[in-house]
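A.B. asks: Here you go, one structure.
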Amino acid sequence: MPLVRIDVPRGRSADQHHALGEAVYQAMVQTLNVPANDRFIVIQEHGPSTLQIDPSYLGVARSPNAIVVQVTLNAGRTVELKRAFYARTVELLAEQGVRPEDVLISLIEVVKENWSFGMGQAQYAPVE
Amino acid sequence: MPLVRIDVPRGRSADQHHALGEAVYQAMVQTLNVPANDRFIVIQEHGPSTLQIDPSYLGVARSPNAIVVQVTLNAGRTVELKRAFYARTVELLAEQGVRPEDVLISLIEVVKENWSFGMGQAQYAPVE
Amino acid sequence: MPLVRIDVPRGRSADQHHALGEAVYQAMVQTLNVPANDRFIVIQEHGPSTLQIDPSYLGVARSPNAIVVQVTLNAGRTVELKRAFYARTVELLAEQGVRPEDVLISLIEVVKENWSFGMGQAQYAPVE
């Protein structure tokens, strides 16, 4: 159910794209109770002029390699779970060479009936 | 009002892009009470490494041609209308060669004052 | 905190991309109480077939140069502030050659704990 959009500087290999997606997916499974195989990742590559990231907002020293991770997911996770997700995501992305300072994360929460996973069905909608 | 983002594998013609947009637009008009001409579609093409779609989550057999349709729209549609939208979208996309298994749909709901359709006005905001 | 996505027709220079981002950023600072340096802008360039904008919906005469600005931000701004943001955005974009008719704006509101600005921390989350 989470739909993950990752905006990154151009230059990674296909394997590296898969590793980025895997890092965010694993963090979701490990901290947000996301089911196995619920893995839907959209990556967008950018040149320097189309990914404009402030280098110091809130005292975080961001580099030109900074990335944006925006996740659409079902509402209901506690602040504690969200904190755990952010922390685990930067840990796993660090293993892929992304500095913890360079990860901006944004969550968009929706209700369960706002998803169709194929066949035109609303697989998560409440039974009526 | 709905803003539609469609992420697709690279390789479609301009005509095919328009047909994809038209399919989702027609499904919105037919099922979600979206007005005629309220048609704002953003498409993004991808290579295999930047559109990562699980091939079997929830038992749906997705192919490498799977697409993602994410719609931002005003809140207030019932679960029944959303179900109808999902079903009609996959029907109309099937006419464009997209398998029903290959359509992931995500809705993001917002309030009416969250739109400006030009001229810097909030055309849908409640009158104060 | 606001994360800004701008979809534009292909053909602008890097400087023009920065000027677009700056216009939306300045409008947010001036009207939405967004802090200085809270500037995170993602731009996507399009050919004519992947940015499909209705040319007349709600009586607004849009050109092939129309753009989409979608902002994810914290909930809580009044309708009045949103109106001011829309008006100021088109004013500042007009200085960059974008016609007021050609600016579609969409806001997505989230709660404060839905952001991490680096280091895996939830910098805006309420203290527990």
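A note on labels: chains of the structure tokens are A, B, ... as shown, every chain counts residues from 1, and ligands are counted from 1 in their shown order.
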Using only C-alpha atoms, which protein or nucleic acid residues come within 8 Å of Ala27 in chain C? Drop anything in the same chain fewer than 5 positions from it, and give the result as a PyMOL selection string.

C.D. replies: chain C and resi 32+85+88-89+92

A.B. asks: Write down, as number ranges by chain, each residue of chain A that has any atom within 9 Å of an atom of chain C, counting only C-alpha atoms.

C.D. replies: A: 7, 44, 46-58, 60-62, 68, 79, 82-91, 99-109

A.B. asks: Using DSSP on the backbone coordinates, identify all residues within range 62-93 of chain A classified as helix (DSSP H, G or I); present the result as number ranges by chain.

C.D. replies: A: 79-93

A.B. asks: Taking the DSSP assignment computed from this structure's backbone, write out as a list in words all residues of range 24-102 of chain A that belong to strand (DSSP E).

C.D. replies: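 Those in range 24-102 of chain A that DSSP calls strand (DSSP E) are Phe40, Ile41, Val42, Ile43, Gln44, Glu45, His46, Leu51, Gln52, Ile53, Ile67, Val68, Val69, Gln70, Val71, Thr72, Leu73 and Asn74 of chain A.
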
A.B. asks: CA of Gly76 in chain A and CA of Thr78 in chain B are how many Å apart?

C.D. replies: 19.8 Å
